[in-house]
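As stored in upload.txt (compact mmCIF, C-alpha atoms and all ligand atoms):
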```txt
# COMPACT_ATOMS: atom_id res chain seq x y z
CA MET G 219 10.57 17.89 8.88
CA LYS G 220 14.24 17.93 7.83
CA ASN G 221 15.24 14.29 8.04
CA MET G 222 12.35 11.96 7.26
CA LEU G 223 12.72 8.23 7.83
CA VAL G 224 10.49 6.50 5.27
CA THR G 225 10.12 2.79 5.99
CA GLY G 226 9.23 0.38 3.20
CA GLY G 227 10.06 2.97 0.55
CA CYS G 228 10.96 0.32 -2.05
CA GLY G 229 7.44 -1.12 -2.07
CA PHE G 230 4.46 -0.06 -4.15
CA ILE G 231 3.07 2.94 -2.25
CA GLY G 232 6.32 3.94 -0.53
CA SER G 233 8.20 4.27 -3.83
CA ASN G 234 5.41 6.37 -5.36
CA PHE G 235 5.40 8.53 -2.21
CA ILE G 236 9.17 9.13 -2.29
CA ARG G 237 9.11 10.14 -5.96
CA ILE G 238 6.20 12.52 -5.43
CA LEU G 239 7.64 14.02 -2.26
CA LEU G 240 11.06 14.69 -3.76
CA SER G 241 10.03 15.95 -7.15
CA GLU G 242 6.57 17.47 -6.84
CA SER G 243 5.92 18.61 -3.29
CA ASP G 244 7.03 21.48 -1.04
CA PHE G 245 9.09 19.08 1.12
CA THR G 246 12.66 20.41 1.17
CA GLY G 247 14.35 18.00 3.57
CA ARG G 248 16.10 14.65 3.20
CA ILE G 249 14.56 11.19 2.97
CA ILE G 250 16.20 8.16 4.55
CA ASN G 251 14.55 5.10 3.04
CA LEU G 252 14.82 2.02 5.29
CA ASP G 253 13.72 -1.13 3.49
CA LYS G 254 14.49 -4.81 4.07
CA LEU G 255 13.95 -5.58 0.37
CA THR G 256 11.60 -8.51 0.90
CA TYR G 257 10.04 -10.11 -2.19
CA ALA G 258 7.80 -6.99 -2.39
CA GLY G 259 10.58 -4.42 -2.15
CA ASN G 260 12.51 -3.56 -5.26
CA LEU G 261 15.30 -1.00 -5.62
CA GLU G 262 14.35 -0.61 -9.25
CA ASN G 263 11.13 1.08 -8.12
CA LEU G 264 13.29 4.09 -7.27
CA ASP G 265 15.58 3.90 -10.27
CA GLY G 266 17.24 7.27 -10.88
CA VAL G 267 16.13 8.81 -7.58
CA SER G 268 19.52 8.55 -5.82
CA ASP G 269 21.25 10.13 -8.85
CA GLN G 270 18.72 12.90 -9.23
CA PHE G 271 18.52 13.72 -5.52
CA LYS G 272 22.08 12.98 -4.33
CA ASP G 273 21.91 15.24 -1.26
CA ARG G 274 18.30 14.57 -0.37
CA TYR G 275 17.91 10.80 -0.62
CA VAL G 276 19.64 7.92 1.18
CA PHE G 277 18.79 4.23 0.94
CA VAL G 278 19.54 1.90 3.85
CA LYS G 279 18.90 -1.82 3.52
CA GLY G 280 17.63 -3.05 6.88
CA ASP G 281 14.83 -4.41 8.99
CA ILE G 282 12.49 -2.20 11.04
CA CYS G 283 12.53 -4.92 13.71
CA ASP G 284 16.28 -4.57 14.17
CA SER G 285 16.97 -2.25 17.12
CA GLU G 286 20.60 -1.58 16.20
CA THR G 287 19.73 -0.53 12.67
CA VAL G 288 16.98 1.83 13.77
CA SER G 289 19.08 3.29 16.61
CA GLU G 290 21.99 3.88 14.23
CA LEU G 291 19.72 5.68 11.77
CA PHE G 292 18.54 8.09 14.43
CA LYS G 293 22.15 8.81 15.42
CA SER G 294 23.63 9.10 11.93
CA TYR G 295 20.88 11.03 10.19
CA GLY G 296 19.18 12.98 12.96
CA VAL G 297 15.79 11.54 12.07
CA ASP G 298 13.03 13.98 13.11
CA THR G 299 10.04 12.55 11.22
CA ILE G 300 8.86 9.01 10.46
CA CYS G 301 6.54 8.00 7.65
CA HIS G 302 5.90 4.31 8.21
CA PHE G 303 4.86 2.20 5.22
CA ALA G 304 6.89 -0.99 5.82
CA ALA G 305 4.63 -3.99 6.24
CA GLU G 306 3.78 -7.41 4.99
CA SER G 307 0.79 -6.40 2.91
CA HIS G 308 -0.84 -9.32 1.11
CA VAL G 309 -3.90 -10.97 2.69
CA ASP G 310 -3.41 -14.33 0.91
CA ARG G 311 0.14 -14.61 2.20
CA SER G 312 -1.04 -13.79 5.71
CA ILE G 313 -3.43 -16.73 5.55
CA VAL G 314 -0.67 -19.15 4.54
CA GLN G 315 2.20 -17.74 6.63
CA PRO G 316 1.07 -15.26 9.31
CA ASP G 317 4.32 -15.16 11.32
CA ALA G 318 6.07 -12.53 9.17
CA PHE G 319 2.98 -10.31 9.51
CA ILE G 320 3.10 -10.42 13.29
CA ARG G 321 6.82 -9.76 13.32
CA THR G 322 7.01 -6.87 10.86
CA ASN G 323 3.63 -5.24 11.27
CA ILE G 324 3.41 -5.45 15.07
CA ASN G 325 6.94 -5.89 16.45
CA GLY G 326 8.45 -3.68 13.75
CA THR G 327 6.02 -0.84 14.46
CA PHE G 328 6.66 -1.22 18.18
CA ASN G 329 10.43 -0.97 17.61
CA LEU G 330 10.05 2.23 15.58
CA LEU G 331 7.74 3.73 18.20
CA GLU G 332 10.27 2.99 20.92
CA TYR G 333 13.01 4.87 19.06
CA ALA G 334 10.60 7.72 18.36
CA ARG G 335 9.90 7.85 22.09
CA LEU G 336 13.55 7.68 23.14
CA ASN G 337 14.81 10.23 20.62
CA GLY G 338 11.78 12.46 20.20
CA VAL G 339 10.27 13.15 16.79
CA GLU G 340 8.28 15.94 15.20
CA LEU G 341 5.86 13.42 13.73
CA PHE G 342 5.27 9.67 13.44
CA HIS G 343 2.86 9.08 10.54
CA HIS G 344 1.50 5.55 10.38
CA ILE G 345 0.10 4.20 7.10
CA SER G 346 -2.74 1.76 7.61
CA THR G 347 -5.66 0.17 5.85
CA ASP G 348 -9.45 0.24 5.86
CA GLU G 349 -9.31 -3.55 6.37
CA VAL G 350 -8.91 -3.01 10.13
CA TYR G 351 -12.64 -2.17 10.23
CA GLY G 352 -13.65 -5.60 8.94
CA SER G 353 -16.38 -6.21 6.40
CA LEU G 354 -19.45 -4.12 5.56
CA GLY G 355 -22.91 -5.38 4.63
CA GLU G 356 -24.79 -3.93 1.69
CA THR G 357 -24.95 -0.44 3.16
CA GLY G 358 -22.84 1.89 5.31
CA LEU G 359 -19.32 3.27 5.15
CA PHE G 360 -16.23 2.99 7.36
CA THR G 361 -15.75 6.18 9.36
CA GLU G 362 -12.90 7.01 11.75
CA THR G 363 -15.09 5.85 14.64
CA THR G 364 -16.14 2.48 13.19
CA PRO G 365 -15.05 -0.20 15.71
CA TYR G 366 -12.09 -2.32 14.65
CA SER G 367 -13.10 -5.81 13.56
CA PRO G 368 -10.27 -7.33 11.51
CA ASN G 369 -10.82 -10.71 9.85
CA SER G 370 -7.44 -11.78 8.42
CA PRO G 371 -4.03 -12.12 10.04
CA TYR G 372 -2.98 -9.18 7.82
CA SER G 373 -5.74 -6.85 8.99
CA ALA G 374 -5.39 -8.02 12.60
CA SER G 375 -1.67 -7.21 12.56
CA LYS G 376 -2.35 -3.78 11.05
CA ALA G 377 -5.08 -3.16 13.65
CA ALA G 378 -2.61 -4.03 16.43
CA SER G 379 -0.05 -1.62 15.00
CA ASP G 380 -2.63 1.20 14.74
CA LEU G 381 -3.52 0.71 18.40
CA LEU G 382 0.13 0.82 19.45
CA VAL G 383 0.57 4.10 17.59
CA ARG G 384 -2.54 5.50 19.27
CA ALA G 385 -1.28 4.34 22.69
CA TYR G 386 2.10 6.04 22.18
CA PHE G 387 0.26 9.31 21.55
CA LYS G 388 -1.99 8.91 24.58
CA THR G 389 0.68 7.62 26.98
CA TYR G 390 3.89 9.33 25.90
CA GLY G 391 2.60 12.27 23.89
CA ILE G 392 4.47 11.23 20.73
CA PRO G 393 3.02 13.39 17.92
CA VAL G 394 1.33 10.86 15.64
CA THR G 395 -1.11 10.77 12.77
CA ILE G 396 -2.71 7.62 11.32
CA SER G 397 -4.26 7.13 7.90
CA ASN G 398 -6.51 4.20 6.97
CA CYS G 399 -6.79 3.88 3.23
CA SER G 400 -8.83 1.77 0.82
CA ASN G 401 -7.40 -0.47 -1.94
CA ASN G 402 -4.71 1.22 -4.03
CA TYR G 403 -3.73 0.56 -7.63
CA GLY G 404 -1.22 2.10 -10.03
CA PRO G 405 2.41 1.80 -11.16
CA TYR G 406 4.88 -0.44 -9.28
CA GLN G 407 2.31 -2.61 -7.53
CA PHE G 408 3.59 -6.14 -7.01
CA PRO G 409 1.67 -8.47 -9.35
CA GLU G 410 0.15 -10.61 -6.62
CA LYS G 411 -2.63 -8.05 -6.00
CA LEU G 412 -5.85 -8.15 -8.02
CA ILE G 413 -5.30 -5.40 -10.60
CA PRO G 414 -1.70 -6.02 -11.72
CA LEU G 415 -2.23 -9.79 -11.59
CA MET G 416 -5.21 -9.57 -13.94
CA ILE G 417 -3.44 -7.16 -16.31
CA LEU G 418 -0.38 -9.38 -16.63
CA ASN G 419 -2.24 -12.68 -16.80
CA GLY G 420 -4.63 -11.23 -19.37
CA PHE G 421 -1.77 -9.91 -21.47
CA GLU G 422 -0.08 -13.33 -21.36
CA ARG G 423 -3.42 -15.06 -22.07
CA LYS G 424 -3.36 -16.93 -18.77
CA ALA G 425 -6.37 -17.70 -16.56
CA LEU G 426 -7.82 -14.75 -14.59
CA PRO G 427 -8.57 -16.29 -11.17
CA VAL G 428 -11.59 -14.59 -9.59
CA TYR G 429 -12.28 -15.72 -6.02
CA GLY G 430 -15.76 -17.05 -5.28
CA ARG G 431 -18.38 -15.41 -7.47
CA GLY G 432 -16.48 -12.14 -7.88
CA VAL G 433 -19.14 -10.15 -6.03
CA ASN G 434 -16.88 -8.83 -3.25
CA ILE G 435 -16.59 -5.06 -3.35
CA ARG G 436 -13.52 -2.89 -2.87
CA ASP G 437 -13.18 0.92 -2.86
CA TRP G 438 -10.38 1.75 -5.32
CA LEU G 439 -7.97 4.69 -5.09
CA TYR G 440 -5.17 5.62 -7.49
CA VAL G 441 -1.85 5.46 -5.62
CA ARG G 442 -0.90 9.06 -6.43
CA ASP G 443 -4.08 10.33 -4.75
CA HIS G 444 -3.19 8.29 -1.65
CA CYS G 445 0.34 9.76 -1.54
CA ILE G 446 -0.97 13.32 -1.84
CA ALA G 447 -3.41 12.64 1.00
CA ILE G 448 -0.61 11.29 3.22
CA TRP G 449 1.49 14.41 2.68
CA LYS G 450 -1.48 16.68 3.47
CA ILE G 451 -2.13 14.76 6.70
CA MET G 452 1.54 14.92 7.67
CA LYS G 453 1.63 18.67 7.15
CA HIS G 454 -1.78 19.77 8.39
CA GLY G 455 -3.42 16.82 10.16
CA LYS G 456 -4.22 17.18 13.83
CA ARG G 457 -1.75 15.22 15.98
CA GLY G 458 -3.28 12.13 17.59
CA GLU G 459 -5.99 11.88 14.91
CA THR G 460 -6.94 9.22 12.39
CA TYR G 461 -7.94 10.12 8.81
CA ASN G 462 -9.74 7.73 6.48
CA ILE G 463 -8.73 7.90 2.82
CA GLY G 464 -10.97 6.41 0.12
CA GLY G 465 -11.68 6.66 -3.55
CA ASP G 466 -15.48 6.86 -3.24
CA CYS G 467 -15.28 4.19 -5.91
CA GLU G 468 -16.94 0.92 -4.94
CA ILE G 469 -16.69 -1.78 -7.59
CA ARG G 470 -17.30 -5.55 -7.57
CA ASN G 471 -14.20 -7.60 -8.34
CA ILE G 472 -15.78 -9.16 -11.42
CA ASP G 473 -16.52 -5.70 -12.82
CA VAL G 474 -12.91 -4.59 -12.22
CA VAL G 475 -11.68 -7.68 -14.06
CA GLU G 476 -14.07 -7.11 -16.95
CA MET G 477 -12.93 -3.49 -17.28
CA ILE G 478 -9.32 -4.70 -17.47
CA CYS G 479 -10.36 -7.25 -20.12
CA ASN G 480 -11.99 -4.51 -22.20
CA LEU G 481 -8.86 -2.35 -22.00
CA LEU G 482 -6.66 -5.28 -23.01
CA ASP G 483 -8.95 -6.04 -25.95
CA GLU G 484 -8.65 -2.43 -27.13
CA ILE G 485 -4.86 -2.49 -26.85
CA CYS G 486 -4.41 -5.96 -28.38
CA PRO G 487 -7.29 -6.34 -30.88
CA GLY G 488 -7.74 -9.47 -32.93
CA LYS G 489 -7.13 -12.00 -30.15
CA THR G 490 -9.93 -13.94 -28.45
CA PRO G 491 -11.71 -11.65 -25.96
CA ALA G 492 -9.77 -11.52 -22.67
CA ARG G 493 -12.98 -12.11 -20.67
CA GLU G 494 -12.92 -15.73 -21.88
CA LEU G 495 -9.91 -16.17 -19.57
CA ILE G 496 -11.97 -15.40 -16.44
CA THR G 497 -11.94 -18.45 -14.15
CA PHE G 498 -13.91 -18.59 -10.91
CA VAL G 499 -11.75 -20.28 -8.26
CA LYS G 500 -12.15 -21.35 -4.63
CA ASP G 501 -12.91 -18.38 -2.39
CA ARG G 502 -10.37 -16.87 0.03
CA PRO G 503 -11.07 -18.04 3.63
CA GLY G 504 -12.65 -15.24 5.71
CA HIS G 505 -13.03 -13.14 2.54
CA ASP G 506 -14.36 -9.69 3.48
CA MET G 507 -17.44 -8.90 1.40
CA ARG G 508 -17.39 -5.14 1.10
CA TYR G 509 -15.12 -2.22 1.91
CA ALA G 510 -16.23 1.40 1.46
CA VAL G 511 -14.57 4.40 3.05
CA ASP G 512 -16.06 7.67 4.20
CA SER G 513 -13.28 10.24 3.72
CA GLN G 514 -15.44 13.30 4.57
CA LYS G 515 -13.17 14.25 7.48
CA LEU G 516 -10.11 14.48 5.22
CA GLN G 517 -12.10 16.27 2.52
CA ARG G 518 -13.60 18.76 4.95
CA GLU G 519 -10.60 19.48 7.19
CA LEU G 520 -7.69 19.18 4.76
CA LYS G 521 -9.43 19.93 1.43
CA TRP G 522 -8.29 16.68 -0.18
CA ARG G 523 -10.14 15.14 -3.13
CA PRO G 524 -9.11 12.22 -5.33
CA GLU G 525 -8.09 13.57 -8.75
CA GLU G 526 -8.05 10.38 -10.79
CA THR G 527 -11.24 8.63 -11.91
CA PHE G 528 -11.17 4.84 -11.88
CA GLU G 529 -11.52 4.76 -15.67
CA SER G 530 -8.55 7.07 -16.30
CA GLY G 531 -6.42 5.55 -13.52
CA LEU G 532 -7.04 2.02 -14.71
CA ALA G 533 -6.21 2.88 -18.32
CA LYS G 534 -2.92 4.50 -17.17
CA THR G 535 -2.15 1.49 -15.01
CA VAL G 536 -2.76 -1.06 -17.78
CA GLN G 537 -0.54 0.96 -20.12
CA TRP G 538 2.18 1.27 -17.45
CA TYR G 539 2.38 -2.50 -17.00
CA LEU G 540 2.50 -3.09 -20.75
CA ASP G 541 5.30 -0.49 -21.04
CA HIS G 542 7.34 -2.06 -18.22
CA THR G 543 7.64 -5.67 -19.27
CA GLU G 544 11.31 -5.87 -18.22
CA TRP G 545 10.43 -4.76 -14.67
CA VAL G 546 7.61 -7.29 -14.66
CA ASN G 547 9.81 -10.12 -15.92
CA ARG G 548 12.47 -9.50 -13.33
CA ILE G 549 9.90 -9.29 -10.54
CA LYS G 550 8.16 -12.45 -11.66
CA SER G 551 11.30 -14.50 -12.09
CA GLY G 552 12.10 -14.17 -8.37
CA ALA G 553 10.66 -15.48 -5.15
CA TYR G 554 7.14 -14.55 -6.22
CA THR G 555 6.83 -17.23 -8.89
CA GLN G 556 8.21 -19.87 -6.56
CA TRP G 557 5.86 -18.86 -3.76
CA ILE G 558 2.80 -18.85 -5.96
CA SER G 559 3.60 -22.25 -7.39
CA ASP G 560 4.28 -23.66 -3.90
CA HIS G 561 1.03 -22.40 -2.47
CA TYR G 562 -1.41 -22.13 -5.31
CA GLY G 563 -0.11 -24.67 -7.79
CA GLY G 564 1.13 -21.99 -10.18
CA ILE G 565 -1.94 -19.84 -10.92
P1 LIG G 601 4.31 -3.53 -0.40
O1 LIG G 601 4.15 -4.94 0.04
O2 LIG G 601 4.32 -3.21 -1.86
O3 LIG G 601 5.66 -2.92 0.19
C1 LIG G 601 6.08 -3.16 1.50
C2 LIG G 601 7.53 -2.69 1.61
O4 LIG G 601 7.95 -2.89 2.97
C3 LIG G 601 8.50 -3.48 0.74
O5 LIG G 601 9.39 -2.62 0.10
C4 LIG G 601 9.22 -4.39 1.72
O6 LIG G 601 10.54 -4.74 1.31
C5 LIG G 601 9.23 -3.52 2.98
N1 LIG G 601 9.35 -4.31 4.21
C6 LIG G 601 8.63 -5.41 4.56
N2 LIG G 601 9.03 -5.87 5.75
C7 LIG G 601 10.01 -5.03 6.18
C8 LIG G 601 10.82 -4.97 7.35
N3 LIG G 601 10.69 -5.87 8.33
N4 LIG G 601 11.72 -3.97 7.47
C9 LIG G 601 11.86 -3.04 6.47
N5 LIG G 601 11.14 -3.06 5.34
C10 LIG G 601 10.22 -4.04 5.19
O7 LIG G 601 3.17 -2.72 0.34
P2 LIG G 601 2.32 -1.48 -0.15
O8 LIG G 601 1.15 -1.96 -0.93
O9 LIG G 601 3.24 -0.46 -0.71
O10 LIG G 601 1.75 -0.98 1.26
C11 LIG G 601 2.47 -0.03 2.05
C12 LIG G 601 1.68 0.27 3.31
O11 LIG G 601 0.38 0.75 2.97
C13 LIG G 601 1.45 -0.96 4.19
O12 LIG G 601 1.59 -0.57 5.54
C14 LIG G 601 0.01 -1.38 3.90
O13 LIG G 601 -0.57 -2.01 5.02
C15 LIG G 601 -0.62 -0.03 3.62
N6 LIG G 601 -1.78 -0.04 2.71
C16 LIG G 601 -1.72 -0.65 1.49
C17 LIG G 601 -2.81 -0.61 0.64
C18 LIG G 601 -2.77 -1.24 -0.74
O14 LIG G 601 -3.81 -1.30 -1.42
N7 LIG G 601 -1.63 -1.69 -1.23
C19 LIG G 601 -4.00 0.03 1.05
C20 LIG G 601 -4.02 0.65 2.31
C21 LIG G 601 -2.91 0.62 3.13
P1 LIG G 602 -6.21 -7.90 -3.16
O1 LIG G 602 -5.65 -7.13 -4.31
O2 LIG G 602 -5.46 -9.07 -2.65
O3 LIG G 602 -6.50 -6.83 -2.01
P2 LIG G 602 -7.30 -7.01 -0.60
O4 LIG G 602 -7.48 -8.45 -0.31
O5 LIG G 602 -6.35 -6.37 0.36
O6 LIG G 602 -8.58 -6.26 -0.76
O7 LIG G 602 -7.66 -8.41 -3.56
C1 LIG G 602 -8.67 -7.49 -3.98
C2 LIG G 602 -9.94 -8.30 -4.16
O8 LIG G 602 -9.76 -9.18 -5.27
C3 LIG G 602 -10.28 -9.19 -2.97
O9 LIG G 602 -11.70 -9.22 -2.81
C4 LIG G 602 -9.77 -10.56 -3.38
C5 LIG G 602 -9.94 -10.55 -4.89
N1 LIG G 602 -8.94 -11.35 -5.65
C6 LIG G 602 -9.38 -12.25 -6.62
O10 LIG G 602 -10.58 -12.44 -6.84
N2 LIG G 602 -8.43 -12.96 -7.32
C7 LIG G 602 -7.10 -12.78 -7.10
O11 LIG G 602 -6.28 -13.48 -7.75
C8 LIG G 602 -6.68 -11.84 -6.13
C9 LIG G 602 -5.21 -11.62 -5.85
C10 LIG G 602 -7.64 -11.14 -5.42
```
Rewritten as structure tokens:
Amino acid sequence: MKNMLVTGGCGFIGSNFIRILLSESDFTGRIINLDKLTYAGNLENLDGVSDQFKDRYVFVKGDICDSETVSELFKSYGVDTICHFAAESHVDRSIVQPDAFIRTNINGTFNLLEYARLNGVELFHHISTDEVYGSLGETGLFTETTPYSPNSPYSASKAASDLLVRAYFKTYGIPVTISNCSNNYGPYQFPEKLIPLMILNGFERKALPVYGRGVNIRDWLYVRDHCIAIWKIMKHGKRGETYNIGGDCEIRNIDVVEMICNLLDEICPGKTPARELITFVKDRPGHDMRYAVDSQKLQRELKWRPEETFESGLAKTVQWYLDHTEWVNRIKSGAYTQWISDHYGGI
């Protein structure tokens, strides 16, 4: 793995991955970060990286769906490995405007696979989500053999991309690995997702919009633990295999929001309790009730374990957002604010 094409490296997980890979791992090659810089991609997420790693990091602004761009990258940089994060990633947006999800998540993945097939690669690692498995009842866990049953345009487009990656392994023998991870949280997450949205709204004393009755359950994983798992799979995972990644940390949304409120109250004492800002709003259509991931295969075969507890990871995350108000203000002054006010009347 000498020349790794990382797609979507300016987003939340991709930017954490690039930092960790360059500064803390045994990876010695070069990263070529291809990112379209949509509303969710931000060059600032990798501030300092191009200076610190002049010979080992290149940023290219471009679209994974654009054949010329991808072909040129293979030629110019001798790409031998792909780590594919780029996607439209927010379920609520996929409900309002699914077209970009089909284009980027399906057509974009197809385009990358085609260039991997034509040029040959050492590895195509595809980053996916546990949401492809659909929704669980009160019991059970998603395993690697759980049938796909996606319920949103987002999860359906990710499911389609997973199946294309699988087919390219089976049909053309492209060396692939796939990881399906649970909900991530941590630094640099765009504040449309539950945890950063609640932290920032709570800090600004705005309403905390909890969908439905807040009883939906997600399995939370600190982003750093996800990135370490991805690198382990890339290095040691069996080609053609899928690995589930989860935090073994199932929590109801309302409990997550209350934990954030408690942390905010500790940091900013004297104000009215943040939990008074909790507002139950109309539920998301097709809202999956429960996600919970069985990551035994990854734990057993590749000796991975999450290091961060939810309590410690959440406290770090709240502090990170409060320490990065300039980043937050710039992010929120852009397309995000406009989009939210267009679609949700400015929650
Ligand atoms: P994100 O929305 O924060 O970042 C996506 C990045 O992809 C952005 O930098 C964006 O500019 C870029 N991008 C979008 N369309 C592009 C295109 N056509 N060409 C090039 N770049 C493009 O997403 P994230 O939360 O970092 O998620 C990364 C990956 O991990 C996604 O594939 C997502 O499905 C998966 N995933 C996310 C989570 C989570 O909780 N966030 C959990 C499991 C899996
Ligand atoms: P989200 O962060 O959008 O991730 P996903 O839908 O991919 O799991 O949402 C996490 C959970 O929080 C989900 O059950 C929806 C809920 N939610 C709210 O209750 N209010 C909000 O404002 C948001 C963004 C999400």
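In this comparison, which uses all atoms listed in the file, the residue of G:Ser285, G:Asn434, G:Asn398, G:Gln537 approaching Leu516 of chain G most closely is G:Asn398.
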Residue neighbourhood segment 344-358 of chain G, 7 Å, all atoms listed in the file, exclusion window fewer than 2 positions, as a compact mmCIF listing (two decimals) with C-alpha atoms, in the frame of the given file:
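Output saved as part-v4.txt:
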```
# COMPACT_ATOMS: atom_id res chain seq x y z
CA CYS G 301 6.54 8.00 7.65
CA HIS G 302 5.90 4.31 8.21
CA PHE G 303 4.86 2.20 5.22
CA PHE G 342 5.27 9.67 13.44
CA PHE G 360 -16.23 2.99 7.36
CA THR G 364 -16.14 2.48 13.19
CA PRO G 365 -15.05 -0.20 15.71
CA TYR G 366 -12.09 -2.32 14.65
CA SER G 367 -13.10 -5.81 13.56
CA PRO G 368 -10.27 -7.33 11.51
CA ASN G 369 -10.82 -10.71 9.85
CA SER G 373 -5.74 -6.85 8.99
CA ALA G 374 -5.39 -8.02 12.60
CA LYS G 376 -2.35 -3.78 11.05
CA ALA G 377 -5.08 -3.16 13.65
CA THR G 395 -1.11 10.77 12.77
CA ILE G 396 -2.71 7.62 11.32
CA SER G 397 -4.26 7.13 7.90
CA ASN G 398 -6.51 4.20 6.97
CA CYS G 399 -6.79 3.88 3.23
CA SER G 400 -8.83 1.77 0.82
CA ASP G 506 -14.36 -9.69 3.48
CA MET G 507 -17.44 -8.90 1.40
CA ARG G 508 -17.39 -5.14 1.10
CA TYR G 509 -15.12 -2.22 1.91
```
Excluding Leu439 of chain G and residues on its chain fewer than 5 positions from it, collect all residues at most 9 Å away from it, counting all atoms listed in the file, and give them as a VMD selection string. chain G and resid 399 to 404 444 463 to 467 524 526 to 528 531
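Taking atom CA of Gly338 of chain G as the reference point, atom CA of Ile300 of chain G is found at 10.7 Å.
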Atom CA of Leu382 of chain G and atom CA of Asn325 of chain G, how far apart in Å? 10.0 Å
